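Enquirer: My structure file my_file-v4.cif, mmCIF, C-alpha atoms, is below:
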data_query
#
loop_
_atom_site.label_atom_id
_atom_site.label_comp_id
_atom_site.auth_asym_id
_atom_site.auth_seq_id
_atom_site.Cartn_x
_atom_site.Cartn_y
_atom_site.Cartn_z
CA MET X 1 -101.86 -85.26 162.45
CA GLY X 2 -103.23 -88.68 161.72
CA GLY X 3 -105.98 -87.49 159.36
CA PHE X 4 -106.95 -84.66 157.09
CA GLU X 5 -107.91 -82.31 159.93
CA GLY X 6 -104.76 -83.30 161.78
CA HIS X 7 -102.67 -81.90 158.91
CA LEU X 8 -104.97 -78.99 158.04
CA TYR X 9 -105.23 -77.22 161.40
CA PRO X 10 -101.53 -77.34 162.43
CA GLY X 11 -100.54 -76.36 158.89
CA LEU X 12 -102.87 -73.38 158.88
CA SER X 13 -101.56 -72.30 162.29
CA LEU X 14 -97.95 -72.35 161.07
CA PHE X 15 -98.79 -70.70 157.75
CA LEU X 16 -100.77 -67.86 159.35
CA TYR X 17 -97.97 -67.30 161.84
CA GLY X 18 -95.56 -67.10 158.92
CA LEU X 19 -97.80 -64.48 157.28
CA TYR X 20 -97.78 -62.51 160.52
CA GLN X 21 -93.98 -62.66 160.64
CA ALA X 22 -93.76 -61.59 156.98
CA GLN X 23 -95.95 -58.57 157.74
CA LEU X 24 -93.74 -57.63 160.71
CA VAL X 25 -90.59 -57.88 158.59
CA SER X 26 -92.11 -55.79 155.78
CA ARG X 27 -93.20 -53.08 158.20
CA ALA X 28 -89.79 -53.02 159.88
CA LEU X 29 -87.99 -52.67 156.55
CA ILE X 30 -90.28 -49.91 155.31
CA CYS X 31 -90.51 -47.95 158.57
CA ASN X 32 -86.83 -48.53 159.45
CA SER X 33 -87.66 -49.94 162.89
CA ARG X 34 -86.96 -53.12 164.84
CA VAL X 35 -89.11 -56.12 164.10
CA GLN X 36 -89.90 -56.75 167.78
CA TYR X 37 -90.88 -53.14 168.41
CA PRO X 38 -93.13 -51.90 165.59
CA PRO X 39 -93.86 -48.16 165.44
CA CYS X 40 -96.81 -46.98 167.49
CA ARG X 41 -99.91 -45.94 165.62
CA PRO X 42 -100.85 -42.27 165.88
CA TRP X 43 -104.33 -43.15 167.20
CA ASP X 44 -102.93 -45.13 170.17
CA GLN X 45 -104.12 -42.35 172.47
CA GLY X 46 -107.26 -41.83 174.46
CA ARG X 47 -109.99 -44.12 175.66
CA TRP X 48 -109.06 -47.38 173.95
CA ALA X 49 -105.29 -46.89 173.95
CA LYS X 50 -104.57 -49.72 176.39
CA LEU X 51 -106.73 -52.20 174.49
CA ARG X 52 -105.11 -51.30 171.18
CA GLN X 53 -101.62 -51.71 172.59
CA ILE X 54 -102.23 -55.33 173.64
CA TYR X 55 -100.28 -57.91 171.62
CA TYR X 56 -102.66 -60.65 170.55
CA ILE X 57 -100.21 -63.12 169.02
CA GLY X 58 -99.60 -64.89 172.37
CA PRO X 59 -103.29 -65.46 173.18
CA MET X 60 -103.85 -66.58 169.58
CA LYS X 61 -101.14 -69.22 169.96
CA ILE X 62 -102.76 -70.43 173.19
CA LEU X 63 -106.16 -70.58 171.51
CA SER X 64 -104.67 -72.50 168.57
CA ALA X 65 -103.10 -75.00 170.96
CA PHE X 66 -106.44 -75.65 172.66
CA ILE X 67 -108.18 -76.11 169.29
CA LEU X 68 -105.49 -78.53 168.10
CA VAL X 69 -105.64 -80.54 171.34
CA ALA X 70 -109.44 -80.74 171.13
CA GLN X 71 -109.24 -81.92 167.53
CA GLU X 72 -106.65 -84.56 168.45
CA LEU X 73 -108.66 -85.87 171.41
CA ASN X 74 -111.78 -86.01 169.25
CA SER X 75 -109.95 -88.22 166.73
CA VAL X 76 -109.03 -90.81 169.38
CA HIS X 77 -111.40 -93.77 169.54
CA GLY X 78 -111.67 -94.87 173.14
CA GLN X 79 -109.77 -93.64 176.16
CA LEU X 80 -106.43 -91.92 175.61
CA VAL X 81 -103.97 -93.74 177.85
CA LEU X 82 -100.20 -93.87 177.85
CA ILE X 83 -99.53 -97.46 178.96
CA SER X 84 -101.63 -100.60 178.73
CA LYS X 85 -101.25 -103.13 181.55
CA MET X 86 -103.48 -105.82 180.11
CA TYR X 87 -102.30 -109.44 180.26
CA HIS X 88 -99.35 -108.50 182.49
CA GLN X 89 -97.74 -106.56 179.66
CA ARG X 90 -96.57 -102.99 179.45
CA ASP X 91 -97.35 -101.58 176.04
CA PHE X 92 -97.20 -97.92 175.07
CA LEU X 93 -100.36 -96.86 173.25
CA TYR X 94 -101.30 -94.04 170.90
CA ARG X 95 -97.69 -93.09 170.20
CA LYS X 96 -98.55 -90.73 167.35
CA GLN X 97 -101.30 -89.04 169.33
CA TRP X 98 -98.89 -88.43 172.21
CA GLN X 99 -96.36 -87.02 169.73
CA HIS X 100 -99.01 -84.63 168.43
CA LEU X 101 -100.03 -83.54 171.92
CA THR X 102 -96.37 -82.92 172.78
CA LEU X 103 -96.07 -80.73 169.71
CA TYR X 104 -99.20 -78.79 170.63
CA LEU X 105 -97.79 -78.31 174.12
CA THR X 106 -94.93 -76.35 172.53
CA PHE X 107 -97.50 -74.08 170.83
CA PHE X 108 -99.07 -73.47 174.23
CA LEU X 109 -95.73 -72.73 175.91
CA THR X 110 -94.66 -70.26 173.22
CA GLY X 111 -98.05 -68.55 173.50
CA CYS X 112 -97.67 -68.25 177.27
CA ALA X 113 -94.14 -66.85 176.89
CA ASP X 114 -95.30 -64.27 174.33
CA THR X 115 -98.26 -63.23 176.47
CA VAL X 116 -96.18 -62.82 179.63
CA SER X 117 -93.36 -60.98 177.86
CA GLN X 118 -95.48 -58.68 175.68
CA ASN X 119 -98.43 -57.89 177.94
CA LEU X 120 -97.59 -58.64 181.58
CA MET X 121 -93.93 -57.85 182.19
CA PRO X 122 -92.97 -54.20 182.80
CA GLN X 123 -90.33 -54.50 180.07
CA ARG X 124 -90.59 -56.85 177.14
CA CYS X 125 -88.16 -59.80 177.26
CA VAL X 126 -87.43 -60.72 173.64
CA ALA X 127 -84.91 -63.37 174.75
CA LEU X 128 -87.70 -65.25 176.55
CA GLU X 129 -89.90 -65.23 173.45
CA GLN X 130 -87.16 -66.34 171.08
CA GLY X 131 -85.78 -68.94 173.49
CA THR X 132 -89.21 -70.54 173.95
CA GLN X 133 -89.77 -70.47 170.19
CA ALA X 134 -86.42 -72.18 169.59
CA LEU X 135 -87.27 -74.82 172.21
CA GLY X 136 -90.55 -75.56 170.43
CA ILE X 137 -88.82 -75.97 167.06
CA PHE X 138 -86.13 -78.16 168.64
CA LEU X 139 -88.89 -80.50 169.85
CA PHE X 140 -90.76 -80.34 166.55
CA LEU X 141 -87.83 -81.65 164.49
CA PRO X 142 -87.14 -84.96 166.35
CA LEU X 143 -90.87 -85.59 166.58
CA MET X 144 -91.12 -85.31 162.80
CA VAL X 145 -88.15 -87.65 162.32
CA SER X 146 -89.78 -90.21 164.62
CA HIS X 147 -93.08 -89.70 162.82
CA MET X 148 -91.62 -91.07 159.57
CA GLN X 149 -90.58 -94.47 160.96
CA ASP X 150 -93.59 -96.42 159.66
CA THR X 151 -94.15 -94.47 156.44
CA GLU X 152 -93.09 -95.42 152.95
CA GLY X 153 -93.39 -94.43 149.35
CA VAL X 154 -95.12 -91.15 148.58
CA GLU X 155 -96.02 -90.42 152.20
CA LEU X 156 -92.38 -90.85 153.21
CA GLN X 157 -91.31 -88.42 150.47
CA PHE X 158 -93.88 -85.88 151.66
CA HIS X 159 -92.58 -86.01 155.22
CA ILE X 160 -88.91 -85.97 154.18
CA LEU X 161 -89.53 -82.67 152.39
CA LEU X 162 -91.38 -81.36 155.44
CA THR X 163 -88.50 -82.39 157.69
CA GLN X 164 -86.03 -80.58 155.43
CA ALA X 165 -88.00 -77.36 155.85
CA MET X 166 -88.19 -77.95 159.59
CA PHE X 167 -84.42 -78.49 159.78
CA LEU X 168 -83.75 -75.19 158.00
CA LEU X 169 -86.23 -73.47 160.32
CA THR X 170 -84.38 -74.93 163.31
CA VAL X 171 -81.10 -73.51 161.99
CA VAL X 172 -82.68 -70.08 161.47
CA VAL X 173 -84.30 -69.81 164.93
CA THR X 174 -81.01 -70.95 166.47
CA ALA X 175 -79.12 -68.22 164.63
CA GLU X 176 -81.77 -65.74 165.75
CA LEU X 177 -80.77 -66.31 169.39
CA TRP X 178 -77.40 -64.71 168.62
CA ALA X 179 -78.65 -62.12 166.12
CA PRO X 180 -82.17 -61.17 167.29
CA ASN X 181 -82.41 -58.05 165.14
CA ALA X 182 -81.04 -59.39 161.84
CA MET X 183 -83.61 -58.68 159.13
CA LEU X 184 -82.34 -61.47 156.90
CA ILE X 185 -82.90 -64.04 159.66
CA TRP X 186 -86.41 -62.74 160.32
CA THR X 187 -87.18 -62.88 156.60
CA MET X 188 -85.97 -66.47 156.33
CA LYS X 189 -87.91 -67.42 159.45
CA ALA X 190 -91.17 -66.04 158.05
CA PHE X 191 -90.49 -67.74 154.71
CA LEU X 192 -89.81 -71.15 156.29
CA TYR X 193 -92.84 -70.92 158.58
CA MET X 194 -94.99 -70.30 155.51
CA ILE X 195 -93.43 -73.18 153.60
CA THR X 196 -93.80 -75.58 156.52
CA GLY X 197 -97.42 -74.62 157.09
CA SER X 198 -98.54 -74.64 153.46
CA TRP X 199 -96.77 -77.94 152.76
CA LEU X 200 -98.35 -79.55 155.83
CA VAL X 201 -101.78 -78.50 154.56
CA GLN X 202 -100.88 -79.86 151.10
CA ILE X 203 -99.86 -83.19 152.64
CA GLY X 204 -103.33 -83.46 154.16
CA PHE X 205 -104.98 -82.92 150.77
CA MET X 206 -102.63 -85.23 148.86
CA LEU X 207 -102.94 -88.12 151.34
CA PHE X 208 -106.59 -87.91 152.32
CA LYS X 209 -108.41 -85.72 149.78
CA PRO X 210 -106.48 -85.78 146.48
CA ILE X 211 -107.83 -83.27 143.99
CA SER X 212 -107.71 -85.82 141.16
CA GLY X 213 -109.85 -88.25 143.17
CA TYR X 214 -107.22 -90.99 142.80
CA LYS X 215 -104.95 -92.14 145.59
CA TRP X 216 -101.23 -91.53 145.23
CA MET X 217 -99.36 -94.78 144.46
CA ASP X 218 -96.35 -95.68 146.58
CA ASP X 219 -94.82 -97.85 143.83
CA ASP X 220 -95.15 -95.21 141.12
CA LYS X 221 -91.91 -93.31 140.56
CA ASN X 222 -93.81 -90.54 138.78
CA ASP X 223 -95.90 -89.86 141.89
CA ILE X 224 -92.78 -89.69 144.07
CA ALA X 225 -91.07 -87.37 141.60
CA PHE X 226 -94.08 -85.06 141.37
CA ALA X 227 -94.19 -84.85 145.18
CA THR X 228 -90.85 -83.03 145.02
CA THR X 229 -92.07 -80.89 142.11
CA PHE X 230 -95.12 -79.79 144.10
CA PHE X 231 -92.88 -78.88 147.02
CA CYS X 232 -90.78 -76.69 144.73
CA TRP X 233 -93.97 -75.00 143.56
CA HIS X 234 -94.80 -74.28 147.21
CA VAL X 235 -91.41 -72.62 147.63
CA VAL X 236 -92.02 -70.39 144.60
CA PHE X 237 -95.58 -69.61 145.71
CA ASN X 238 -94.52 -68.57 149.21
CA ALA X 239 -91.64 -66.48 147.85
CA SER X 240 -94.08 -64.68 145.54
CA LEU X 241 -96.49 -64.21 148.43
CA MET X 242 -93.78 -62.58 150.53
CA ILE X 243 -92.99 -60.18 147.68
CA TRP X 244 -96.70 -59.33 147.42
CA ILE X 245 -96.89 -58.72 151.19
CA TYR X 246 -93.92 -56.37 151.00
CA GLY X 247 -95.42 -54.52 148.04
CA PHE X 248 -98.79 -54.09 149.75
CA SER X 249 -97.07 -52.99 152.97
CA PHE X 250 -95.07 -50.43 151.01
CA LEU X 251 -98.24 -48.94 149.53
CA TRP X 252 -99.95 -49.00 152.92
CA TYR X 253 -97.24 -47.34 154.97
CA CYS X 254 -95.94 -44.94 152.32
CA TYR X 255 -99.14 -43.78 150.59
CA ILE X 256 -102.22 -44.84 152.56
CA PHE X 257 -101.19 -44.92 156.21
CA ILE X 258 -99.35 -41.62 156.64
CA LYS X 259 -98.65 -40.17 160.06
CA ASP X 260 -99.63 -36.60 160.71
#
As structure tokens - that is how I would like this structure written.
Expert:
Amino acid sequence: MGGFEGHLYPGLSLFLYGLYQAQLVSRALICNSRVQYPPCRPWDQGRWAKLRQIYYIGPMKILSAFILVAQELNSVHGQLVLISKMYHQRDFLYRKQWQHLTLYLTFFLTGCADTVSQNLMPQRCVALEQGTQALGIFLFLPLMVSHMQDTEGVELQFHILLTQAMFLLTVVVTAELWAPNAMLIWTMKAFLYMITGSWLVQIGFMLFKPISGYKWMDDDKNDIAFATTFFCWHVVFNASLMIWIYGFSFLWYCYIFIKD
């Protein structure tokens, strides 16, 4: 996440996953079903039934992890090593890059857990999926706290707001382990994933490609204050987007997509 692409791609991955979760929650509320087990489509019969019943979210997470790792390795100038032994010293190198790769490893593990549970096991193990997801978020939070050590000013404010969203997401996924079917928890999880992802993308634009064309000033109190204001706008935007998703899902499942 050291550059624009390093904020854009992980942010988009989290935001799109949040949209997917919001769609699952909306469908479960409208169809009165569990979030983990959506109702089967009436055309899931016949020649392509098996292919249509495959859950693609796990493979998509794995693919996203590979793309993020490739992007991170491409941004490294020189050979990516962990320890330098030059001049009889032991220095750790590329600490931020190793933090990013550790984070992407959690994406890969959650994708593997989802794929095994949803497509390979004879009976789906929701506890495995949610436990792996919680583990990934638990690793994400301390990595973000460590990531802020050498930041200051506006950039520090950006990452503090991101860490706050990550902390709330950690609380929600932890509560989900004890209440896996609570709709309110699933709604909050989707909402926080969307906020985290969209804000991470916004950080990339504000730090590396500001719309105004002028760099944000660390010593300007107005810039720091507006960073918080923009975050609040993201909260309102994502809340409105969730309402729109629910409204569209209601029209789809109640008036357009009607079972025979």
Enquirer: List the residues selected by the PyMOL selection byres ((chain X and resi 235) around 10) in the file shown, writing them as a VMD selection string.
Expert: chain X and resid 191 to 192 194 to 196 198 to 199 229 to 234 236 to 241
Enquirer: Take the PyMOL selection byres ((chain X and resi 112) around 12), run it mentally on this structure, and tell me the resulting residues as a list of chain:residue names.
Expert: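 Against this file, the PyMOL selection byres ((chain X and resi 112) around 12) returns the residues X:Tyr56, X:Ile57, X:Gly58, X:Pro59, X:Met60, X:Lys61, X:Ile62, X:Leu63, X:Ser64, X:Ala65, X:Leu105, X:Thr106, X:Phe107, X:Phe108, X:Leu109, X:Thr110, X:Gly111, X:Ala113, X:Asp114, X:Thr115, X:Val116, X:Ser117, X:Gln118, X:Asn119, X:Leu120, X:Leu128, X:Glu129, X:Thr132, X:Gln133.
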Enquirer: Restricting the output to C-alpha atoms, write the selected residues as a CSV table (one decimal), in the frame of the given file.
Expert:
chain,number,residue,atom,x,y,z
X,56,TYR,CA,-102.7,-60.6,170.6
X,57,ILE,CA,-100.2,-63.1,169.0
X,58,GLY,CA,-99.6,-64.9,172.4
X,59,PRO,CA,-103.3,-65.5,173.2
X,60,MET,CA,-103.8,-66.6,169.6
X,61,LYS,CA,-101.1,-69.2,170.0
X,62,ILE,CA,-102.8,-70.4,173.2
X,63,LEU,CA,-106.2,-70.6,171.5
X,64,SER,CA,-104.7,-72.5,168.6
X,65,ALA,CA,-103.1,-75.0,171.0
X,105,LEU,CA,-97.8,-78.3,174.1
X,106,THR,CA,-94.9,-76.4,172.5
X,107,PHE,CA,-97.5,-74.1,170.8
X,108,PHE,CA,-99.1,-73.5,174.2
X,109,LEU,CA,-95.7,-72.7,175.9
X,110,THR,CA,-94.7,-70.3,173.2
X,111,GLY,CA,-98.0,-68.6,173.5
X,113,ALA,CA,-94.1,-66.8,176.9
X,114,ASP,CA,-95.3,-64.3,174.3
X,115,THR,CA,-98.3,-63.2,176.5
X,116,VAL,CA,-96.2,-62.8,179.6
X,117,SER,CA,-93.4,-61.0,177.9
X,118,GLN,CA,-95.5,-58.7,175.7
X,119,ASN,CA,-98.4,-57.9,177.9
X,120,LEU,CA,-97.6,-58.6,181.6
X,128,LEU,CA,-87.7,-65.2,176.6
X,129,GLU,CA,-89.9,-65.2,173.4
X,132,THR,CA,-89.2,-70.5,174.0
X,133,GLN,CA,-89.8,-70.5,170.2
Enquirer: Spell out the residues picked by the PyMOL selection byres ((chain X and resi 175) around 12) here, as number ranges by chain.
Expert: X: 130-131, 134, 168-174, 176-186, 188-189
Enquirer: Rank X:Gln164, X:Gln157, X:Ser146, X:Ser33 by their smallest atom-to-atom distance to Ala225 (chain X), using all atoms listed in the file, and report the top residue only.
Expert: X:Gln157
Enquirer: Work out how far CA of Val145 (chain X) is from CA of Gln79 (chain X), in Å to one decimal.
Expert: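 Separation between CA of Gln79 (chain X) and CA of Val145 (chain X): 26.4 Å.
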Enquirer: Nearest residue to Leu73 (chain X) out of X:Gly6, X:Arg34, X:Tyr20, X:Pro210, using all atoms listed in the file?
Expert: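 Smallest separation from Leu73 (chain X) among the options: X:Gly6.
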Enquirer: Measuring between all atoms listed in the file, which one of X:Leu161, X:Cys125, X:Ala70, X:Met166 shows the shortest distance to Phe140 (chain X)?
Expert: X:Met166
Enquirer: Please, what distance in Å, to one decimal, runs between CA of Leu139 (chain X) and CA of Arg95 (chain X)?
Expert: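 CA of Arg95 (chain X) lies at a distance of 15.4 Å from CA of Leu139 (chain X).
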Enquirer: Which of these, X:Leu103, X:Leu24, X:Val69, X:Leu16, has the shortest distance to His147 (chain X) once you count only C-alpha atoms?
Expert: X:Leu103
Enquirer: Could you tell me which of X:Met217, X:Leu68, X:Leu156, X:Val126 comes closest to His7 (chain X) if we count only C-alpha atoms?
Expert: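 Smallest separation from His7 (chain X) among the options: X:Leu68.
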Enquirer: List the neighbours of Ser26 (chain X) out to 8 Å using only C-alpha atoms; skip same-chain residues closer than 2 positions along the sequence, and give me the result as number ranges by chain.
Expert: X: 22-24, 28-30, 245-246, 249-250
Enquirer: Considering all atoms listed in the file, return as a PyMOL selection string whatever protein or nucleic-acid residues lie within 9 Å of Glu72 (chain X), sequence-local ones (same chain, fewer than 4 positions apart) excluded.
Expert: chain X and resi 1-2+5-6+67-68+76+97+100-101
Enquirer: Have a look at X:Tyr55, X:Trp98, X:Phe15, X:Tyr9 and name the one nearest to Gly197 (chain X); count only C-alpha atoms.
Expert: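 Comparing X:Tyr55, X:Trp98, X:Phe15, X:Tyr9 against Gly197 (chain X), the winner is X:Phe15.
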Enquirer: Name all residues at most 9 Å from Ile203 (chain X) (count all atoms listed in the file; drop same-chain ones fewer than 4 positions away) and give them as a PyMOL selection string.
Expert: chain X and resi 4+7-8+155+158-159+198-199+207-208
Enquirer: Using only C-alpha atoms, which protein or nucleic acid residues come within 10 Å of Asp219 (chain X)? Drop anything in the same chain fewer than 2 positions from it, and give the result as number ranges by chain.
Expert: X: 152-154, 216-217, 221-224
Enquirer: Any idea what the distance is between CA of Thr228 (chain X) and CA of Asp150 (chain X)?
Expert: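 The value is 20.0 Å.
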Enquirer: Because the input lacks atoms here, generate all heavy atoms for region 162-173 of chain X and report them as an mmCIF file, in the coordinates of the input.
Expert:
data_model
loop_
_atom_site.group_PDB
_atom_site.id
_atom_site.type_symbol
_atom_site.label_atom_id
_atom_site.label_comp_id
_atom_site.auth_asym_id
_atom_site.auth_seq_id
_atom_site.Cartn_x
_atom_site.Cartn_y
_atom_site.Cartn_z
ATOM 1 N N LEU X 162 -90.961 -82.154 154.291
ATOM 2 C CA LEU X 162 -91.380 -81.360 155.440
ATOM 3 C C LEU X 162 -90.278 -81.276 156.484
ATOM 4 O O LEU X 162 -90.035 -80.205 157.064
ATOM 5 C CB LEU X 162 -92.654 -81.970 156.053
ATOM 6 C CG LEU X 162 -93.212 -81.273 157.301
ATOM 7 C CD1 LEU X 162 -93.646 -79.851 156.960
ATOM 8 C CD2 LEU X 162 -94.375 -82.069 157.879
ATOM 9 N N THR X 163 -89.590 -82.378 156.707
ATOM 10 C CA THR X 163 -88.500 -82.390 157.690
ATOM 11 C C THR X 163 -87.339 -81.514 157.234
ATOM 12 O O THR X 163 -86.679 -80.866 158.065
ATOM 13 C CB THR X 163 -88.018 -83.834 157.914
ATOM 14 O OG1 THR X 163 -89.133 -84.656 158.294
ATOM 15 C CG2 THR X 163 -86.978 -83.894 159.023
ATOM 16 N N GLN X 164 -87.074 -81.467 155.934
ATOM 17 C CA GLN X 164 -86.030 -80.580 155.430
ATOM 18 C C GLN X 164 -86.345 -79.121 155.740
ATOM 19 O O GLN X 164 -85.469 -78.357 156.180
ATOM 20 C CB GLN X 164 -85.863 -80.776 153.922
ATOM 21 C CG GLN X 164 -85.240 -82.106 153.530
ATOM 22 C CD GLN X 164 -85.156 -82.291 152.029
ATOM 23 O OE1 GLN X 164 -85.648 -81.462 151.269
ATOM 24 N NE2 GLN X 164 -84.531 -83.365 151.597
ATOM 25 N N ALA X 165 -87.602 -78.732 155.523
ATOM 26 C CA ALA X 165 -88.000 -77.360 155.850
ATOM 27 C C ALA X 165 -87.901 -77.110 157.345
ATOM 28 O O ALA X 165 -87.460 -76.032 157.783
ATOM 29 C CB ALA X 165 -89.429 -77.106 155.362
ATOM 30 N N MET X 166 -88.275 -78.105 158.146
ATOM 31 C CA MET X 166 -88.190 -77.950 159.590
ATOM 32 C C MET X 166 -86.738 -77.834 160.051
ATOM 33 O O MET X 166 -86.424 -77.072 160.984
ATOM 34 C CB MET X 166 -88.854 -79.137 160.292
ATOM 35 C CG MET X 166 -90.366 -79.117 160.252
ATOM 36 S SD MET X 166 -91.073 -77.622 160.975
ATOM 37 C CE MET X 166 -90.251 -77.578 162.556
ATOM 38 N N PHE X 167 -85.840 -78.573 159.419
ATOM 39 C CA PHE X 167 -84.420 -78.490 159.780
ATOM 40 C C PHE X 167 -83.879 -77.084 159.489
ATOM 41 O O PHE X 167 -83.157 -76.504 160.320
ATOM 42 C CB PHE X 167 -83.631 -79.533 159.003
ATOM 43 C CG PHE X 167 -82.144 -79.412 159.184
ATOM 44 C CD1 PHE X 167 -81.537 -79.827 160.366
ATOM 45 C CD2 PHE X 167 -81.345 -78.873 158.182
ATOM 46 C CE1 PHE X 167 -80.155 -79.701 160.535
ATOM 47 C CE2 PHE X 167 -79.981 -78.746 158.348
ATOM 48 C CZ PHE X 167 -79.386 -79.165 159.527
ATOM 49 N N LEU X 168 -84.205 -76.537 158.321
ATOM 50 C CA LEU X 168 -83.750 -75.190 158.000
ATOM 51 C C LEU X 168 -84.349 -74.167 158.964
ATOM 52 O O LEU X 168 -83.671 -73.212 159.380
ATOM 53 C CB LEU X 168 -84.140 -74.841 156.562
ATOM 54 C CG LEU X 168 -83.430 -75.646 155.466
ATOM 55 C CD1 LEU X 168 -83.978 -75.269 154.094
ATOM 56 C CD2 LEU X 168 -81.927 -75.423 155.520
ATOM 57 N N LEU X 169 -85.616 -74.365 159.358
ATOM 58 C CA LEU X 169 -86.230 -73.470 160.320
ATOM 59 C C LEU X 169 -85.535 -73.563 161.677
ATOM 60 O O LEU X 169 -85.361 -72.544 162.367
ATOM 61 C CB LEU X 169 -87.720 -73.810 160.464
ATOM 62 C CG LEU X 169 -88.544 -72.923 161.399
ATOM 63 C CD1 LEU X 169 -88.480 -71.467 160.975
ATOM 64 C CD2 LEU X 169 -89.991 -73.416 161.443
ATOM 65 N N THR X 170 -85.117 -74.760 162.055
ATOM 66 C CA THR X 170 -84.380 -74.930 163.310
ATOM 67 C C THR X 170 -83.061 -74.173 163.266
ATOM 68 O O THR X 170 -82.674 -73.519 164.245
ATOM 69 C CB THR X 170 -84.104 -76.432 163.557
ATOM 70 O OG1 THR X 170 -85.345 -77.141 163.560
ATOM 71 C CG2 THR X 170 -83.402 -76.642 164.885
ATOM 72 N N VAL X 171 -82.363 -74.240 162.135
ATOM 73 C CA VAL X 171 -81.100 -73.510 161.990
ATOM 74 C C VAL X 171 -81.337 -72.005 162.101
ATOM 75 O O VAL X 171 -80.583 -71.279 162.772
ATOM 76 C CB VAL X 171 -80.432 -73.858 160.645
ATOM 77 C CG1 VAL X 171 -79.197 -72.983 160.419
ATOM 78 C CG2 VAL X 171 -80.041 -75.327 160.611
ATOM 79 N N VAL X 172 -82.409 -71.520 161.482
ATOM 80 C CA VAL X 172 -82.680 -70.080 161.470
ATOM 81 C C VAL X 172 -83.031 -69.576 162.871
ATOM 82 O O VAL X 172 -82.515 -68.539 163.317
ATOM 83 C CB VAL X 172 -83.817 -69.772 160.474
ATOM 84 C CG1 VAL X 172 -84.306 -68.336 160.644
ATOM 85 C CG2 VAL X 172 -83.335 -69.985 159.053
ATOM 86 N N VAL X 173 -83.918 -70.286 163.597
ATOM 87 C CA VAL X 173 -84.300 -69.810 164.930
ATOM 88 C C VAL X 173 -83.130 -69.931 165.906
ATOM 89 O O VAL X 173 -83.047 -69.177 166.887
ATOM 90 C CB VAL X 173 -85.530 -70.574 165.462
ATOM 91 C CG1 VAL X 173 -86.743 -70.319 164.578
ATOM 92 C CG2 VAL X 173 -85.257 -72.058 165.603
#
